[in-house]
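Source file final_21.txt; content: compact mmCIF, C-alpha atoms and all ligand atoms.
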# COMPACT_ATOMS: atom_id res chain seq x y z
CA MET T 98 105.78 99.32 113.12
CA LYS T 99 106.73 95.70 113.73
CA HIS T 100 104.41 93.46 115.71
CA PRO T 101 105.45 90.09 117.16
CA PRO T 102 105.06 87.49 114.39
CA GLU T 103 102.17 85.05 114.69
CA ILE T 104 101.59 81.77 112.87
CA ALA T 105 98.06 80.75 111.89
CA PRO T 106 97.89 77.24 110.39
CA SER T 107 94.94 76.90 108.00
CA ILE T 108 92.97 73.77 108.82
CA LEU T 109 91.80 73.56 105.20
CA SER T 110 94.86 71.36 104.59
CA ALA T 111 94.48 69.33 107.80
CA ASN T 112 93.36 65.73 107.90
CA PHE T 113 89.66 65.97 108.72
CA ALA T 114 89.50 62.25 109.48
CA ASN T 115 91.89 62.98 112.31
CA LEU T 116 91.52 66.69 112.96
CA GLU T 117 92.29 66.64 116.66
CA THR T 118 95.65 64.90 116.16
CA ASP T 119 96.74 67.51 113.61
CA ILE T 120 95.57 70.34 115.87
CA ARG T 121 97.52 68.99 118.86
CA GLN T 122 100.72 68.87 116.83
CA ALA T 123 100.29 72.42 115.54
CA GLU T 124 99.56 73.57 119.10
CA LYS T 125 102.76 71.94 120.37
CA GLY T 126 104.74 73.71 117.68
CA GLY T 127 103.40 77.03 118.98
CA ALA T 128 100.47 77.92 116.66
CA ASP T 129 99.16 81.35 117.67
CA TRP T 130 95.84 81.07 115.81
CA PHE T 131 93.93 78.53 113.76
CA HIS T 132 92.74 79.91 110.43
CA LEU T 133 89.32 78.80 109.18
CA ASP T 134 88.78 79.11 105.42
CA ILE T 135 85.08 79.59 104.78
CA MET T 136 84.09 79.04 101.12
CA ASP T 137 80.59 79.14 99.68
CA GLY T 138 81.02 77.83 96.12
CA HIS T 139 79.91 81.23 94.84
CA PHE T 140 82.47 83.87 95.81
CA VAL T 141 85.13 81.19 95.20
CA PRO T 142 84.89 77.97 93.18
CA ASN T 143 85.08 75.67 96.19
CA ILE T 144 82.97 74.78 99.23
CA SER T 145 84.53 74.16 102.64
CA PHE T 146 82.71 74.33 105.97
CA GLY T 147 80.66 76.63 108.17
CA PRO T 148 80.27 77.77 111.79
CA TRP T 149 79.77 74.21 113.05
CA VAL T 150 83.47 73.47 112.37
CA ALA T 151 84.36 76.61 114.32
CA LYS T 152 82.36 75.15 117.22
CA ILE T 153 84.22 71.85 116.97
CA MET T 154 87.53 73.69 116.90
CA LYS T 155 86.53 75.73 119.93
CA ALA T 156 85.74 72.49 121.77
CA ILE T 157 89.14 70.93 121.05
CA THR T 158 91.54 73.88 121.36
CA ASP T 159 92.16 77.05 123.39
CA VAL T 160 94.16 78.59 120.55
CA PRO T 161 92.16 81.55 119.16
CA LEU T 162 90.35 81.18 115.84
CA ASP T 163 90.22 83.53 112.87
CA ALA T 164 87.74 83.10 110.02
CA HIS T 165 88.52 84.11 106.43
CA LEU T 166 85.12 84.61 104.79
CA MET T 167 85.26 83.79 101.08
CA ILE T 168 81.50 84.15 100.86
CA THR T 169 79.09 86.45 99.07
CA ASN T 170 76.81 87.35 101.99
CA PRO T 171 79.11 87.58 105.03
CA ARG T 172 76.73 89.55 107.26
CA GLU T 173 74.33 86.62 107.40
CA TYR T 174 77.01 84.39 108.94
CA ILE T 175 79.15 86.73 111.03
CA PRO T 176 76.95 86.46 114.17
CA LYS T 177 77.10 82.66 113.89
CA PHE T 178 80.90 82.63 113.71
CA ILE T 179 81.17 84.99 116.66
CA ASP T 180 78.73 82.83 118.66
CA ALA T 181 80.89 79.83 117.80
CA GLY T 182 83.87 81.57 119.41
CA VAL T 183 85.75 83.11 116.46
CA GLU T 184 87.74 86.16 117.62
CA LEU T 185 89.00 87.69 114.38
CA ILE T 186 87.03 87.86 111.12
CA TYR T 187 88.37 88.62 107.66
CA PRO T 188 85.68 89.47 105.09
CA HIS T 189 86.74 90.16 101.50
CA TYR T 190 86.88 93.71 100.19
CA GLU T 191 85.62 92.37 96.84
CA ALA T 192 82.58 90.53 98.24
CA SER T 193 80.17 93.48 98.32
CA TYR T 194 79.74 97.15 97.52
CA ASP T 195 78.93 97.79 101.19
CA VAL T 196 81.82 95.93 102.80
CA TYR T 197 82.24 98.87 105.19
CA ARG T 198 78.93 97.82 106.74
CA THR T 199 80.27 94.28 107.14
CA VAL T 200 83.41 95.46 108.93
CA GLN T 201 81.30 97.72 111.15
CA LEU T 202 79.06 94.77 112.08
CA ILE T 203 82.06 92.67 113.18
CA VAL T 204 83.29 95.49 115.41
CA ASP T 205 79.80 96.15 116.79
CA LEU T 206 79.46 92.48 117.74
CA GLY T 207 82.69 92.65 119.73
CA ALA T 208 85.10 90.70 117.52
CA LYS T 209 88.28 91.92 115.85
CA ALA T 210 87.84 92.83 112.21
CA GLY T 211 90.24 92.52 109.32
CA ILE T 212 89.87 93.26 105.64
CA THR T 213 91.04 90.86 102.93
CA LEU T 214 92.41 91.93 99.54
CA ASN T 215 92.60 89.69 96.48
CA PRO T 216 95.84 89.72 94.47
CA ALA T 217 94.37 92.11 91.86
CA THR T 218 93.07 94.63 94.41
CA ARG T 219 95.10 97.77 95.10
CA PHE T 220 96.60 98.04 98.58
CA ASP T 221 95.37 101.60 99.20
CA VAL T 222 91.68 100.63 99.26
CA VAL T 223 92.25 99.92 102.97
CA GLU T 224 92.36 103.62 103.90
CA PRO T 225 88.65 104.02 104.79
CA PHE T 226 88.84 101.01 107.12
CA LEU T 227 91.87 101.96 109.21
CA GLU T 228 89.86 103.21 112.18
CA LEU T 229 88.04 99.89 112.45
CA ILE T 230 90.45 97.11 111.64
CA ASP T 231 93.02 95.02 113.45
CA SER T 232 94.75 93.82 110.29
CA VAL T 233 94.83 93.66 106.50
CA LEU T 234 94.97 90.17 105.00
CA ILE T 235 96.86 90.15 101.72
CA MET T 236 95.99 87.21 99.48
CA SER T 237 99.14 85.92 97.81
CA VAL T 238 97.12 83.39 95.76
CA CYS T 239 93.65 83.67 94.24
CA PRO T 240 91.39 82.37 97.02
CA GLY T 241 89.64 79.04 96.73
CA PHE T 242 92.23 76.32 97.22
CA GLY T 243 95.18 75.37 99.38
CA GLY T 244 98.53 74.43 97.88
CA GLN T 245 98.76 77.10 95.15
CA LYS T 246 101.90 78.91 94.03
CA PHE T 247 102.82 82.13 95.82
CA ILE T 248 102.32 85.26 93.67
CA GLU T 249 105.64 87.13 93.87
CA SER T 250 104.22 90.63 93.36
CA SER T 251 102.62 90.27 96.82
CA VAL T 252 105.97 91.12 98.42
CA GLN T 253 106.08 94.59 96.85
CA LYS T 254 102.41 95.10 97.75
CA ILE T 255 103.25 94.36 101.39
CA ARG T 256 106.09 96.90 101.40
CA TRP T 257 103.78 99.60 100.02
CA LEU T 258 101.04 98.70 102.45
CA ARG T 259 103.43 98.75 105.42
CA LYS T 260 104.55 102.25 104.42
CA LEU T 261 100.94 103.46 104.15
CA LEU T 262 100.07 101.94 107.54
CA ASP T 263 103.15 103.36 109.24
CA GLU T 264 102.14 106.81 108.01
CA GLN T 265 98.46 106.55 108.91
CA LYS T 266 97.81 103.81 111.49
CA PRO T 267 100.92 101.89 112.61
CA GLU T 268 98.98 99.58 114.97
CA VAL T 269 97.28 97.86 112.03
CA ARG T 270 98.97 94.54 111.28
CA ILE T 271 99.61 92.85 107.96
CA ALA T 272 98.55 89.24 107.45
CA ILE T 273 99.37 87.06 104.45
CA ASP T 274 97.61 84.01 103.07
CA GLY T 275 98.63 81.70 100.25
CA GLY T 276 101.81 79.81 99.44
CA VAL T 277 103.62 80.73 102.67
CA ASN T 278 106.38 78.26 103.51
CA LEU T 279 109.76 77.77 105.19
CA GLU T 280 111.56 79.16 102.14
CA ASN T 281 109.73 82.48 101.78
CA ILE T 282 108.70 83.39 105.33
CA ALA T 283 111.93 85.32 106.05
CA ASP T 284 111.43 87.57 102.99
CA LEU T 285 107.80 88.12 103.93
CA ARG T 286 108.70 89.08 107.47
CA HIS T 287 111.32 91.42 106.12
CA ALA T 288 108.73 93.07 103.85
CA GLY T 289 106.47 93.71 106.86
CA VAL T 290 104.16 90.74 107.51
CA ASP T 291 103.06 90.12 111.13
CA PHE T 292 100.52 87.31 110.78
CA PHE T 293 101.31 84.29 108.62
CA VAL T 294 98.62 81.89 107.42
CA ALA T 295 100.08 78.59 106.23
CA GLY T 296 98.02 75.59 105.14
CA SER T 297 99.80 72.96 103.10
CA ALA T 298 103.28 73.94 104.36
CA VAL T 299 102.11 72.96 107.86
CA PHE T 300 99.59 70.16 107.49
CA LYS T 301 101.15 68.36 104.52
CA ALA T 302 104.55 68.40 106.24
CA LYS T 303 106.03 65.17 107.63
CA ASN T 304 106.34 66.83 111.03
CA ILE T 305 103.59 69.37 111.71
CA GLU T 306 104.90 70.40 115.13
CA GLU T 307 108.43 71.01 113.94
CA THR T 308 107.24 72.95 110.88
CA VAL T 309 105.17 75.41 112.94
CA ARG T 310 108.12 75.83 115.31
CA ARG T 311 110.53 76.50 112.43
CA LEU T 312 108.18 78.99 110.73
CA LYS T 313 107.95 80.92 113.95
CA GLN T 314 111.66 80.78 114.69
CA ILE T 315 112.51 82.09 111.24
CA ALA T 316 109.94 84.91 111.47
CA GLU T 317 111.23 85.85 114.93
CA SER T 318 114.84 85.88 113.76
CA VAL T 319 114.31 88.49 111.00
C1 LIG R 401 93.06 79.94 100.04
C2 LIG R 401 92.96 79.99 101.53
C3 LIG R 401 94.21 79.73 102.25
C4 LIG R 401 94.79 78.37 102.02
C5 LIG R 401 96.26 78.51 102.21
O1 LIG R 401 91.84 80.28 99.52
O2 LIG R 401 92.50 81.26 101.93
O3 LIG R 401 94.08 80.00 103.64
O4 LIG R 401 94.30 77.40 102.88
O5 LIG R 401 96.84 77.34 101.84
P1 LIG R 401 98.36 77.25 101.41
O6 LIG R 401 99.16 77.73 102.59
O7 LIG R 401 98.53 75.81 101.12
O8 LIG R 401 98.55 78.15 100.21
ZN ZN R 402 92.55 81.77 104.11
Take the structure in this file and express it as structure tokens.
Amino acid sequence: MKHPPEIAPSILSANFANLETDIRQAEKGGADWFHLDIMDGHFVPNISFGPWVAKIMKAITDVPLDAHLMITNPREYIPKFIDAGVELIYPHYEASYDVYRTVQLIVDLGAKAGITLNPATRFDVVEPFLELIDSVLIMSVCPGFGGQKFIESSVQKIRWLRKLLDEQKPEVRIAIDGGVNLENIADLRHAGVDFFVAGSAVFKAKNIEETVRRLKQIAESV
């Protein structure tokens, strides 16, 4: 099942000295979500920001926010992100043995839940979560940093996942994160992606607005 494509610029690559300016441009280009990359320096080798940035984002934009939790103890922070106004939360499958409990908590607190898979994680681990989730976020780089090279085997993984979802729960969407750009978005859409996270391709571009618009146009044209 194909869902309308959505573009979620990751603010990790935005200019934090001038965040509002970057956000306005992405909004004008038609950003559907803003993607917040939450890193704790433990689950991934980098530290980013916490719920307070979600609050700032909420104050400057009406575009919905999703939070990608690259953190070891997500349940401690999920209520804070939801209080801050985040609507969709992506914990990592690999973060804990009881990730099912984490996904359940997100749903119980009234937000949309996703599940995130690292590049080395099999696509079919999503089966137990299908009743609870809005989407599966496929990592097409190892999480931790913006601007990394897209891992090509992610395309085949998406095709397999789309087939599994179509057989078992067609409403569940596929999201992708890592190395998405103007050159590969058509292939990714073709393989079955509905939700495109893009960091450096958007915020390091000369024209942020035009880049978001182009990404969306290409995804819509496939
Ligand atoms: C990586 C993050 C990504 C990152 C994407 O750990 O989850 O969201 O910001 O950046 P690009 O699009 O530059 O690969
Ligand atoms: Zn991310």
| What lies within 9 Å of Glu103 (chain T) using only C-alpha atoms, ignoring chain neighbours under 3 positions off, as a ChimeraX atom specification? | /T:100,128-130,291-294,313,316
| field | Within 12 Å of Asp180 (chain T) using only C-alpha atoms, minus same-chain residues under 4 positions, as a PyMOL selection string | value | chain T and resi 148-149+151-152+155+174-176+184+203+206-208
| query | Got a sec to check which residues sit within 8 Å of (100.2, 66.6, 111.5), counting all atoms listed in the file, and write them as number ranges by chain? | reply | T: 111-112, 118-120, 122-123, 299-306
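Here CA of Gly211 (chain T) and CA of Phe113 (chain T) stand 26.6 Å from one another.
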| Distance query region 271-275 of chain T at most 9 Å, all atoms listed in the file, self and fewer than 2 positions along chain excluded, as a ChimeraX atom specification | /T:213,231-240,242-248,251,255,258-259,269,277,285,289-296
| field | Residues within 8 Å of (84.6, 90.2, 94.0), file coords, all atoms listed in the file, listed as JSON, numbers by chain | value | {"T": [140, 189, 190, 191, 192, 193]}
Please save C-alpha atoms of the selected residues as a short mmCIF file (atom, residue, chain, number, x, y, z; two decimals), keeping the file's coordinate frame.
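And here is the file that came out, again_11.cif:
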data_model
loop_
_atom_site.label_atom_id
_atom_site.label_comp_id
_atom_site.auth_asym_id
_atom_site.auth_seq_id
_atom_site.Cartn_x
_atom_site.Cartn_y
_atom_site.Cartn_z
CA PHE T 140 82.47 83.87 95.81
CA HIS T 189 86.74 90.16 101.50
CA TYR T 190 86.88 93.71 100.19
CA GLU T 191 85.62 92.37 96.84
CA ALA T 192 82.58 90.53 98.24
CA SER T 193 80.17 93.48 98.32
#
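Take CA of Val252 (chain T) and CA of Tyr194 (chain T): the distance between them is 26.9 Å.
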| Mind listing the residues within 7 Å of ligand ZN 402 (chain R), all atoms listed in the file counted, as a PyMOL selection string? | chain T and resi 107+132-134+165+274+294
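Take the candidates T:Met98, T:Ala156, T:Met167, T:Ala217 and check each one against ligand LIG 401 (chain R) using only C-alpha atoms and all ligand atoms; the shortest distance goes to T:Met167.
Ranking T:Asp263, T:Glu117, T:Asp137, T:Glu124 by their shortest atom-to-atom distance to ligand LIG 401 (chain R), with only C-alpha atoms and all ligand atoms included, puts T:Asp137 first.
Distance annotation: of T:Ile282, T:Val319, T:Val183, T:Ile153, the residue with the minimal separation from ligand LIG 401 (chain R) is T:Ile282; atom set is only C-alpha atoms and all ligand atoms.
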| Given the choices T:Ile104, T:Met154, T:Leu262, T:Ile135, which gets closest to ligand LIG 401 (chain R) if the distance is worked out from only C-alpha atoms and all ligand atoms? | T:Ile135
| remark: Closest of T:Thr199, T:Asp221, T:Ile230, T:Phe146 to Glu173 (chain T), counting all atoms listed in the file, is T:Thr199
